[in-house]
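Enquirer: Quick one: the structure is below, and I'll ask about it shortly.
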Amino acid sequence: MARKKVRKVGSRAQAQRQAVQRQAVQRQQVHRQQMQRQQMSGEQLERQQVERERAKRQQEGQRREQLLMQQRREMQQRREMQQRQEMLRQRQMYGAPVQEEGKRKKKARRFYDYDLLVVIIFLTVFGLIMIYSSSAYNAQVSRQPSNYYMVRQGQIAVAGFILMLIISKIDYHFFAKITVPAVVVSYICEILVTFTPLGIAVNGKKRWLGTRSLRFQPAELVKIVVILLLAVLITRLGKQINEWRVWGMIAVLIGPLALLVTMNNLSSGIIICGIAFVMMFIACKRKWPFIATVVLGITVIVFAPPVAIALEKAGILHSYQLSRILVWKNPEAYPKSGGYQVLQGLYAIGSGGLLGKGLGQSIQKLSFLPEPQNDMIFAVICEELGLFGAVAVIFMFLFMLYRFLVIAGNAPDLFGAMLVTGVLAHIAIQVVLNIAVVTNVIPNTGITLPFISYGGTSVLFLMIEMGMVLSVSNQIRLEQQ
């Protein structure tokens, strides 16, 4: 019994010890779990804290980037503003185009006026044909080949055409840089022609400089120089061009040169003044002086004979210039002297009819019309090709002037626009005056028909002018999206 009691007590103690051990193990497990939970919560806190710091750094980085972008935008806006101001200043002072930076560059291709090029080629080739038709008989009478005048004109025309193509690929702003030397050379040439033995007189008119075999008319050079000079002055002076003192300065610069030309070549002097008139009329806001000048000119034309007599007595006009004015008013009174050329030209125009007698079939060119390949070639055109041919030639010139207007309206800057305007004025005035002379609307002043009349110096410098116009067109950029 005692042993049974001892065994029961031992089993109870052992059960108690086992229970205590199980409780200790459970407590250890609970403690271990609590420790794990605490460790996990600490890692989460650390991870959250790291994420917060990372988010804070990202926000700060974004703020810095926004500030940098804002500063860059402000700097870009300031740079663009400065570029615009510089571009406007250069356009006012010089006329050079400035490409703005900072903007997305668009694809662009340069424009080249092939329509104008085709018109130039047509008029030049047509002029060579008409020179041959009108001069073949006179060349044979002078013991020269029938194509003598056409070959000489053709050689200079080809050389001028090549020079035109070369000039058309040069930036036209280059010509502004040589304007001052060109003005000096023009004055020197005119002084040499007028006051030295180097000036060559042909048909009683001292207009040529050089030798008998190699010579040119400085008046043709002066026309280009006046266009360049006025284009440069108008672009650099800007709004000051409307001031009277600026007009006086321009008159001092161009007046003596125009006077030197007029002393030997009245027709070229008229053209030079006309070019200056048109360019200044377009550039200036003050229009009434130009309108008054036109009214005064019409008045002088209406009362031309008494005005011419007074100018001849004052020594301003020569006797041959006075005779031309008197012949203009009444050519029938001088049928064998001053009125002979005018009357023969009118006979040629009247006999051509609507469709003309046919190419090469002119009668007036057979020693009736003096030097028909020169100033009176339009009369031969009317006789051989009739009214239809004459109107076609006029329309070709009108189309050329239209192309000039297109180029001037789309020129990159004011200098290019004024340069083309000056050439437009030159061609328009010369064509109008030549046709007016041939039809006896104005007195005979010896003006050639551009690209068609015989004259090496004229066609060479005309090609130079065409090269400058094509150079302006070549600087026009056509933007493409």
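Just so we're on the same page: first chain in the structure tokens is A, next is B, and so on; residues restart at 1 for each chain, and ligands are numbered from 1 in the order they show up.
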Please give the complete set of residues from region 21-262 of chain A that DSSP, run on the backbone, assigns to alpha helix (DSSP H), formatted as a PyMOL selection string.
Expert: chain A and resi 21-93+114-141+148-168+173-177+179-195+218-237+244-262
Enquirer: Which residues are near region 357-373 of chain A? Cut-off 12 Å, only C-alpha atoms, ignore same chain within fewer than 5 positions. Put them as a PyMOL selection string.
Expert: chain A and resi 126-142+148-150+153+203+336-352+378-389+438+446+448-449+451-455
Enquirer: Write out as a PyMOL selection string the residues lying within 9 Å of Leu116 (chain A), counting only C-alpha atoms and excluding same-chain residues fewer than 6 positions away.
Expert: chain A and resi 399-400+403-404+466+470
Enquirer: Go ahead and write the residues just picked, C-alpha atoms, as a PDB file, in the first residue's frame.
Expert:
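What ended up in out-v1.pdb:
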ATOM      1  CA  PHE A 399       4.955  88.511-117.154  1.00  0.00           C
ATOM      2  CA  MET A 400       8.581  89.325-116.304  1.00  0.00           C
ATOM      3  CA  ARG A 403       7.658  87.634-111.509  1.00  0.00           C
ATOM      4  CA  PHE A 404       9.628  90.585-110.121  1.00  0.00           C
ATOM      5  CA  MET A 466      18.747  89.376-113.632  1.00  0.00           C
ATOM      6  CA  LEU A 470      17.475  85.378-109.132  1.00  0.00           C
TER       7      LEU A 470
END
Enquirer: Which is closer to Val437 (chain A) than all the others in A:Val327, A:Ala182, A:Ile170, A:Ile272, using only C-alpha atoms?
Expert: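 Closest to Val437 (chain A), using only C-alpha atoms: A:Val327.
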Enquirer: Using only C-alpha atoms, which protein or nucleic acid residues come within 12 Å of Ile282 (chain A)? Drop anything in the same chain fewer than 3 positions from it, and give the result as JSON, numbers by chain.
Expert: {"A": [230, 231, 234, 241, 242, 275, 276, 277, 278, 279, 285, 286, 287, 290, 408, 414, 417, 418, 421, 422, 425]}
Enquirer: Which is closer to Gly269 (chain A) than all the others in A:Met81, A:Gly255, A:Gln58, A:Arg22, using only C-alpha atoms?
Expert: A:Gly255
Enquirer: Among the residues of region 160-368 of chain A, find those DSSP assigns to strand (DSSP E) from the backbone and print them as a list in words.
Expert: Gly199, Ile200, Ala201, Val202, Lys205, Lys206, Arg207, Trp208, Leu209, Gly210, Arg215 and Phe216 of chain A
Enquirer: Please indicate the distance in Å from CA of Asp171 (chain A) to CA of Ala251 (chain A), rounded to one decimal place.
Expert: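 Between CA of Asp171 (chain A) and CA of Ala251 (chain A) the gap is 28.7 Å.
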Enquirer: So what do you get for CA of Asp375 (chain A) versus CA of Leu462 (chain A), distance-wise?
Expert: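 A separation of 16.0 Å between them.
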Enquirer: Expressed in Å to a single decimal, how great is the separation between CA of Ala55 (chain A) and CA of Leu67 (chain A)?
Expert: 18.2 Å
Enquirer: Near region 207-216 of chain A, counting only C-alpha atoms, which residues have an atom at most 9 Å away, once you skip same-chain residues fewer than 4 positions from it, shown as a PDB file with N, CA and C atoms, in the first residue's frame?
Expert:
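selection17.pdb written:
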ATOM      1  N   CYS A 189      34.494 106.479-113.914  1.00  0.00           N
ATOM      2  CA  CYS A 189      34.198 106.174-115.319  1.00  0.00           C
ATOM      3  C   CYS A 189      33.483 107.330-116.012  1.00  0.00           C
ATOM      4  N   GLU A 190      32.508 107.935-115.356  1.00  0.00           N
ATOM      5  CA  GLU A 190      31.778 109.049-115.971  1.00  0.00           C
ATOM      6  C   GLU A 190      32.672 110.267-116.162  1.00  0.00           C
ATOM      7  N   LEU A 192      35.923 110.137-116.661  1.00  0.00           N
ATOM      8  CA  LEU A 192      36.815 109.805-117.773  1.00  0.00           C
ATOM      9  C   LEU A 192      36.100 109.954-119.116  1.00  0.00           C
ATOM     10  N   VAL A 193      34.842 109.536-119.178  1.00  0.00           N
ATOM     11  CA  VAL A 193      34.095 109.654-120.430  1.00  0.00           C
ATOM     12  C   VAL A 193      33.854 111.113-120.791  1.00  0.00           C
ATOM     13  N   THR A 194      33.527 111.932-119.798  1.00  0.00           N
ATOM     14  CA  THR A 194      33.084 113.304-120.060  1.00  0.00           C
ATOM     15  C   THR A 194      34.255 114.267-120.279  1.00  0.00           C
ATOM     16  N   LEU A 198      39.740 109.635-123.221  1.00  0.00           N
ATOM     17  CA  LEU A 198      39.358 108.223-123.193  1.00  0.00           C
ATOM     18  C   LEU A 198      37.898 108.015-123.581  1.00  0.00           C
ATOM     19  N   GLY A 199      37.083 109.054-123.492  1.00  0.00           N
ATOM     20  CA  GLY A 199      35.698 108.949-123.925  1.00  0.00           C
ATOM     21  C   GLY A 199      35.611 108.878-125.436  1.00  0.00           C
ATOM     22  N   ILE A 200      34.875 107.905-125.949  1.00  0.00           N
ATOM     23  CA  ILE A 200      34.759 107.663-127.390  1.00  0.00           C
ATOM     24  C   ILE A 200      33.407 108.178-127.865  1.00  0.00           C
ATOM     25  N   ALA A 201      33.431 108.998-128.917  1.00  0.00           N
ATOM     26  CA  ALA A 201      32.205 109.552-129.499  1.00  0.00           C
ATOM     27  C   ALA A 201      31.777 108.689-130.669  1.00  0.00           C
ATOM     28  N   VAL A 202      30.527 108.256-130.672  1.00  0.00           N
ATOM     29  CA  VAL A 202      29.943 107.474-131.761  1.00  0.00           C
ATOM     30  C   VAL A 202      28.687 108.190-132.209  1.00  0.00           C
ATOM     31  N   GLU A 220      25.338 102.255-118.231  1.00  0.00           N
ATOM     32  CA  GLU A 220      24.696 101.001-117.843  1.00  0.00           C
ATOM     33  C   GLU A 220      25.165 100.553-116.456  1.00  0.00           C
ATOM     34  N   VAL A 261      25.836 111.591-116.285  1.00  0.00           N
ATOM     35  CA  VAL A 261      25.251 110.708-117.297  1.00  0.00           C
ATOM     36  C   VAL A 261      24.384 111.500-118.266  1.00  0.00           C
ATOM     37  N   ASN A 264      25.823 113.454-121.390  1.00  0.00           N
ATOM     38  CA  ASN A 264      26.158 112.732-122.620  1.00  0.00           C
ATOM     39  C   ASN A 264      25.039 111.825-123.111  1.00  0.00           C
ATOM     40  N   ASN A 265      24.114 111.461-122.218  1.00  0.00           N
ATOM     41  CA  ASN A 265      23.091 110.478-122.577  1.00  0.00           C
ATOM     42  C   ASN A 265      21.808 110.829-121.830  1.00  0.00           C
ATOM     43  N   GLY A 456      25.808  95.259-126.851  1.00  0.00           N
ATOM     44  CA  GLY A 456      26.502  94.334-125.961  1.00  0.00           C
ATOM     45  C   GLY A 456      26.516  94.786-124.512  1.00  0.00           C
ATOM     46  N   THR A 457      26.810  96.073-124.294  1.00  0.00           N
ATOM     47  CA  THR A 457      26.859  96.574-122.917  1.00  0.00           C
ATOM     48  C   THR A 457      25.509  96.454-122.242  1.00  0.00           C
ATOM     49  N   SER A 458      24.452  96.770-122.980  1.00  0.00           N
ATOM     50  CA  SER A 458      23.107  96.721-122.409  1.00  0.00           C
ATOM     51  C   SER A 458      22.737  95.309-121.979  1.00  0.00           C
TER      52      SER A 458
END
Enquirer: Do you know which residues are at most 12 Å from Phe461 (chain A) counting only C-alpha atoms, after dropping those on the same chain fewer than 3 positions away, and could you put them as number ranges by chain?
Expert: A: 156-157, 159-161, 163-164, 167, 216-225, 423, 426-427, 450-451, 455-458, 464-468
Enquirer: Could you tell me which of A:Ile271, A:Leu229, A:Met249, A:Arg57 comes closest to Ser186 (chain A) if we count only C-alpha atoms?
Expert: A:Leu229
Enquirer: Nearest to Leu123 (chain A): which of A:Val432, A:Ile316, A:Val393, A:Met463 is it, counting only C-alpha atoms?
Expert: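 Ranked by minimum distance to Leu123 (chain A), first place goes to A:Val393.
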